[in-house]
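Asker: For reference, this is run_39.cif, and it has mmCIF, C-alpha atoms.
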data_model
#
loop_
_atom_site.label_atom_id
_atom_site.label_comp_id
_atom_site.auth_asym_id
_atom_site.auth_seq_id
_atom_site.Cartn_x
_atom_site.Cartn_y
_atom_site.Cartn_z
CA MET A 167 -27.08 74.76 182.90
CA SER A 168 -23.54 74.67 181.74
CA SER A 169 -21.96 76.75 179.08
CA GLN A 170 -19.57 75.61 176.46
CA PRO A 171 -15.96 76.57 177.07
CA GLY A 172 -15.16 79.80 175.24
CA SER A 173 -18.80 80.71 174.51
CA GLU A 174 -18.61 83.76 176.80
CA VAL A 175 -15.61 85.01 174.83
CA SER A 176 -17.47 84.47 171.57
CA ILE A 177 -20.54 86.37 172.80
CA GLU A 178 -18.38 89.20 174.15
CA ALA A 179 -16.53 89.45 170.83
CA GLY A 180 -19.83 89.53 168.92
CA VAL A 181 -21.24 92.23 171.19
CA SER A 182 -18.01 94.22 170.87
CA VAL A 183 -18.15 94.05 167.07
CA ALA A 184 -21.84 95.05 167.05
CA LEU A 185 -21.19 98.00 169.38
CA GLY A 186 -18.25 99.09 167.21
CA ARG A 187 -20.50 99.08 164.14
CA ILE A 188 -23.16 101.10 165.97
CA ALA A 189 -20.53 103.63 167.09
CA ASP A 190 -19.22 103.93 163.51
CA SER A 191 -22.75 104.39 162.20
CA LEU A 192 -23.52 107.09 164.77
CA ASP A 193 -20.25 108.87 163.95
CA TYR A 194 -21.05 108.76 160.22
CA GLU A 195 -24.57 110.08 160.87
CA SER A 196 -23.19 112.92 163.00
CA ARG A 197 -20.69 113.93 160.30
CA TRP A 198 -23.40 113.70 157.59
CA ARG A 199 -25.82 115.90 159.58
CA SER A 200 -23.06 118.45 160.16
CA ARG A 201 -22.25 118.54 156.43
CA ILE A 202 -25.93 118.89 155.47
CA ALA A 203 -26.43 121.69 158.00
CA GLN A 204 -23.67 123.69 156.30
CA ALA A 205 -24.57 122.78 152.70
CA VAL A 206 -26.65 125.85 151.81
CA THR A 207 -25.58 129.45 152.23
CA GLN A 208 -27.48 132.52 151.15
CA LEU A 209 -25.60 134.78 148.78
CA ASP A 210 -26.27 138.43 147.93
CA PHE A 211 -24.84 138.47 144.41
CA ALA A 212 -26.11 141.87 143.26
CA ILE A 213 -26.37 144.79 145.65
CA GLY A 214 -27.70 147.81 143.78
CA ASP A 215 -25.49 147.22 140.74
CA GLN A 216 -26.35 149.80 138.08
CA ILE A 217 -26.91 149.09 134.40
CA THR A 218 -24.83 151.54 132.37
CA LEU A 219 -27.17 153.18 129.89
CA SER A 220 -26.53 154.75 126.51
CA GLY A 221 -29.55 156.17 124.74
CA GLY A 222 -31.82 154.53 127.32
CA ALA A 223 -30.44 151.02 126.72
CA GLY A 224 -27.75 148.91 128.33
CA THR A 225 -26.60 145.53 129.54
CA LEU A 226 -25.19 144.42 132.87
CA ASP A 227 -23.16 141.24 132.45
CA LEU A 228 -20.76 140.49 135.29
CA PRO A 229 -19.87 136.77 135.06
CA ASP A 230 -17.65 136.91 138.17
CA LYS A 231 -20.58 138.25 140.23
CA PHE A 232 -23.69 136.83 138.60
CA ALA A 233 -22.57 133.24 137.88
CA ALA A 234 -22.63 129.98 139.81
CA LYS A 235 -19.02 128.87 140.18
CA THR A 236 -17.61 125.48 139.16
CA GLY A 237 -18.94 122.77 141.47
CA TYR A 238 -21.77 124.96 142.81
CA MET A 239 -25.38 125.70 141.96
CA TRP A 240 -27.57 128.68 142.71
CA SER A 241 -31.26 128.66 143.41
CA VAL A 242 -32.17 132.30 142.80
CA ARG A 243 -34.67 133.36 145.45
CA ARG A 244 -35.14 137.07 144.76
CA LEU A 245 -34.43 139.54 141.95
CA THR A 246 -35.14 143.24 142.24
CA ALA A 247 -34.82 145.97 139.64
CA ARG A 248 -35.79 149.57 140.26
CA GLY A 249 -35.16 153.22 139.49
CA TRP A 250 -36.68 153.88 136.06
CA THR A 251 -39.90 155.59 135.00
CA ALA A 252 -40.24 154.28 131.44
CA GLY A 253 -38.90 151.29 129.52
CA THR A 254 -38.31 147.61 130.23
CA VAL A 255 -35.72 145.52 132.05
CA THR A 256 -35.21 141.77 131.62
CA ALA A 257 -33.00 139.25 133.38
CA TYR A 258 -31.75 136.47 131.08
CA ARG A 259 -29.97 133.18 131.61
CA ASN A 260 -26.38 133.31 130.20
CA SER A 261 -26.83 136.06 127.56
CA THR A 262 -29.35 138.55 126.21
CA SER A 263 -30.22 135.96 123.57
CA GLY A 264 -30.72 133.32 126.28
CA GLU A 265 -33.84 132.40 128.22
CA PRO A 266 -35.64 135.42 129.71
CA VAL A 267 -36.22 134.51 133.37
CA ALA A 268 -37.52 137.77 134.86
CA PRO A 269 -39.09 140.45 132.65
CA TRP A 270 -40.01 143.82 134.11
CA PRO A 271 -42.18 145.21 131.27
CA ASP A 272 -43.56 148.04 133.38
CA PRO A 273 -41.54 150.35 135.63
CA GLY A 274 -44.17 149.92 138.36
CA GLY A 275 -44.55 153.48 139.61
CA SER A 276 -42.50 156.61 140.09
CA ALA A 277 -39.49 154.79 141.58
CA GLY A 278 -39.77 152.09 138.93
CA GLY A 279 -39.21 148.44 139.44
CA ALA A 280 -40.48 145.37 141.12
CA VAL A 281 -39.37 142.29 143.00
CA PHE A 282 -39.50 138.73 141.71
CA THR A 283 -39.41 135.99 144.33
CA PHE A 284 -38.76 132.38 143.40
CA GLY A 285 -39.43 129.20 145.32
CA ARG A 286 -36.77 126.65 146.13
CA GLY A 287 -35.40 125.24 142.88
CA GLU A 288 -37.62 127.33 140.56
CA LEU A 289 -34.74 129.29 139.02
CA LEU A 290 -31.64 127.09 139.15
CA LEU A 291 -28.29 128.15 137.77
CA LYS A 292 -25.94 125.26 137.08
CA PRO A 293 -22.16 125.68 137.35
CA GLY A 294 -21.14 128.32 134.81
CA ASP A 295 -24.68 129.65 134.28
CA ARG A 296 -25.13 133.34 134.95
CA LEU A 297 -27.72 136.09 134.93
CA VAL A 298 -27.49 138.99 132.48
CA PHE A 299 -29.64 142.09 132.82
CA ALA A 300 -30.74 144.18 129.82
CA ALA A 301 -32.61 147.48 129.72
CA ALA A 302 -34.35 149.20 126.81
CA GLY A 303 -36.23 152.47 126.40
CA ILE A 304 -35.23 153.55 129.90
CA THR A 305 -35.93 156.92 131.42
CA GLY A 306 -34.01 157.16 134.67
CA THR A 307 -31.53 154.62 136.02
CA VAL A 308 -31.72 150.89 136.68
CA ASN A 309 -30.27 149.20 139.75
CA VAL A 310 -30.51 145.47 140.41
CA TRP A 311 -30.30 143.27 143.48
CA GLY A 312 -30.28 139.50 143.77
CA VAL A 313 -30.20 136.78 146.41
CA ALA A 314 -29.60 133.07 145.84
CA ASP A 315 -29.21 129.91 147.84
CA CYS A 316 -25.73 128.61 146.97
CA PHE A 317 -24.77 124.96 147.41
CA GLU A 318 -22.39 122.34 146.06
CA SER A 319 -23.77 120.46 143.05
CA TRP A 320 -23.91 117.12 144.92
CA TYR A 321 -26.57 118.60 147.22
CA LEU A 322 -29.17 119.25 144.44
CA PRO A 323 -31.30 116.09 145.03
CA PHE A 324 -31.53 116.93 148.75
CA TYR A 325 -32.24 120.63 148.07
CA ILE A 326 -35.17 120.02 145.72
CA GLY A 327 -36.31 116.79 147.43
#
Can you present the structure in this file as structure tokens?
Answerer:
Amino acid sequence: MSSQPGSEVSIEAGVSVALGRIADSLDYESRWRSRIAQAVTQLDFAIGDQITLSGGAGTLDLPDKFAAKTGYMWSVRRLTARGWTAGTVTAYRNSTSGEPVAPWPDPGGSAGGAVFTFGRGELLLKPGDRLVFAAAGITGTVNVWGVADCFESWYLPFYIG
């Protein structure tokens, strides 16, 4: 069997190109996996913040603390409110006239309060959305805590997928 002149060079060039493409693909996959592994961080956005009360009522609205920043989304995973013995506390989306997302209608015992837990993607805050806490008819004090998964907006389809 004889080979055509130059066919070995052609085969070697083809194999070299194919191996180069495989190496590029593996490099891309490695960089993608690294980016995905770092895409979600857990954020404690409220750590015992107290609602200032006047006559048993008050609002806690801290946009710099309780809002998803530009380019990012939050998936709220846990909200806790406690410390009162009578009255109600409600967490709203964006303002006290916005969507109520976590109502605590009952203080839940002598220490008052309860914990809401949310599954992945159940309570999403888009960039600029925030949580606002309101209290009414309170006896005692109200402190709130919150934890969210924070990720860049591009990651949403992978996060909820």
Asker: Fewer than 4 positions away in the same chain doesn't count, so skip those; otherwise give me all residues within 10 Å of Gly214 of chain A, counting all atoms listed in the file, as a PyMOL selection string.
Answerer: chain A and resi 246-248+308-312
Asker: What gap, in Å, lies between atom CA of Lys292 of chain A and atom CA of Thr218 of chain A?
Answerer: 26.7 Å
Asker: Using all atoms listed in the file, which of A:Leu291, A:Leu297, A:Leu228, A:Ile177 sits nearest Ala268 of chain A?
Answerer: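 For Ala268 of chain A, the nearest of the given residues is A:Leu297.
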Asker: Once the PyMOL selection byres ((chain A and resi 251-256) around 7) has been applied to the shown file, what residues remain in the selection, as an NGL selection string?
Answerer: :A and (249-250 or 257-258 or 266 or 268-273 or 275-278 or 299-306)
Asker: So that I can check the surroundings of Ile326 of chain A, please list as a list of chain:residue names every protein, DNA and RNA residue that reaches within 10 Å of it, counting only C-alpha atoms and ignoring chain neighbours fewer than 6 positions away.
Answerer: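 Answer for this query is A:Ser241, A:Arg286, A:Gly287, A:Glu288.
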Asker: For Leu290 of chain A, please output as a list in words all residues within 8 Å (counting only C-alpha atoms; exclusion window: fewer than 5 positions along the same chain).
Answerer: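 My reading of the contact set: Met239, Trp240, Ser241 and Val242 of chain A.
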Asker: Can you turn the PyMOL selection byres ((chain A and resi 237) around 9) into a concrete residue list for this file, as a ChimeraX atom specification?
Answerer: /A:234-236,238-239,292-294,317-320
Asker: List as a list in words the protein and nucleic acid residues near Thr207 of chain A, meaning an atom at most 9 Å away when only C-alpha atoms are counted, but skip any in the same chain fewer than 2 places from it.
Answerer: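 Close residues of Thr207 of chain A: Gln204, Ala205, Leu209, Ala314, Asp315, Cys316 and Phe317 of chain A.
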Asker: Generate the output file for the selected residues, C-alpha atoms, as an mmCIF file, keeping the file's coordinate frame.
Answerer:
data_model
loop_
_atom_site.group_PDB
_atom_site.id
_atom_site.type_symbol
_atom_site.label_atom_id
_atom_site.label_comp_id
_atom_site.auth_asym_id
_atom_site.auth_seq_id
_atom_site.Cartn_x
_atom_site.Cartn_y
_atom_site.Cartn_z
ATOM 1 C CA GLN A 204 -23.670 123.690 156.300
ATOM 2 C CA ALA A 205 -24.570 122.780 152.700
ATOM 3 C CA LEU A 209 -25.600 134.780 148.780
ATOM 4 C CA ALA A 314 -29.600 133.070 145.840
ATOM 5 C CA ASP A 315 -29.210 129.910 147.840
ATOM 6 C CA CYS A 316 -25.730 128.610 146.970
ATOM 7 C CA PHE A 317 -24.770 124.960 147.410
#
Asker: From the set A:Ser263, A:Phe284, A:Gly180, A:Gly186, which residue has the shortest atom-to-atom contact distance to Thr225 of chain A, counting only C-alpha atoms?
Answerer: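 Looking at the shortest contact to Thr225 of chain A, the residue is A:Ser263.
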Asker: Smallest atom-to-atom distance to Pro229 of chain A: which of A:Gly285, A:Gly327, A:Ala212, A:Leu322, using all atoms listed in the file?
Answerer: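 Among the listed residues, A:Ala212 lies closest to Pro229 of chain A.
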Asker: What does the distance between atom CA of Thr262 of chain A and atom CA of Tyr321 of chain A come to in Å, to one decimal place?
Answerer: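 Going from atom CA of Thr262 of chain A over to atom CA of Tyr321 of chain A covers 29.1 Å.
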Asker: Figure out the distance between atom CA of Phe211 of chain A and atom CA of Phe324 of chain A, please, to one decimal in Å.
Answerer: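 Spanning atom CA of Phe324 of chain A to atom CA of Phe211 of chain A is a straight-line distance of 23.0 Å.
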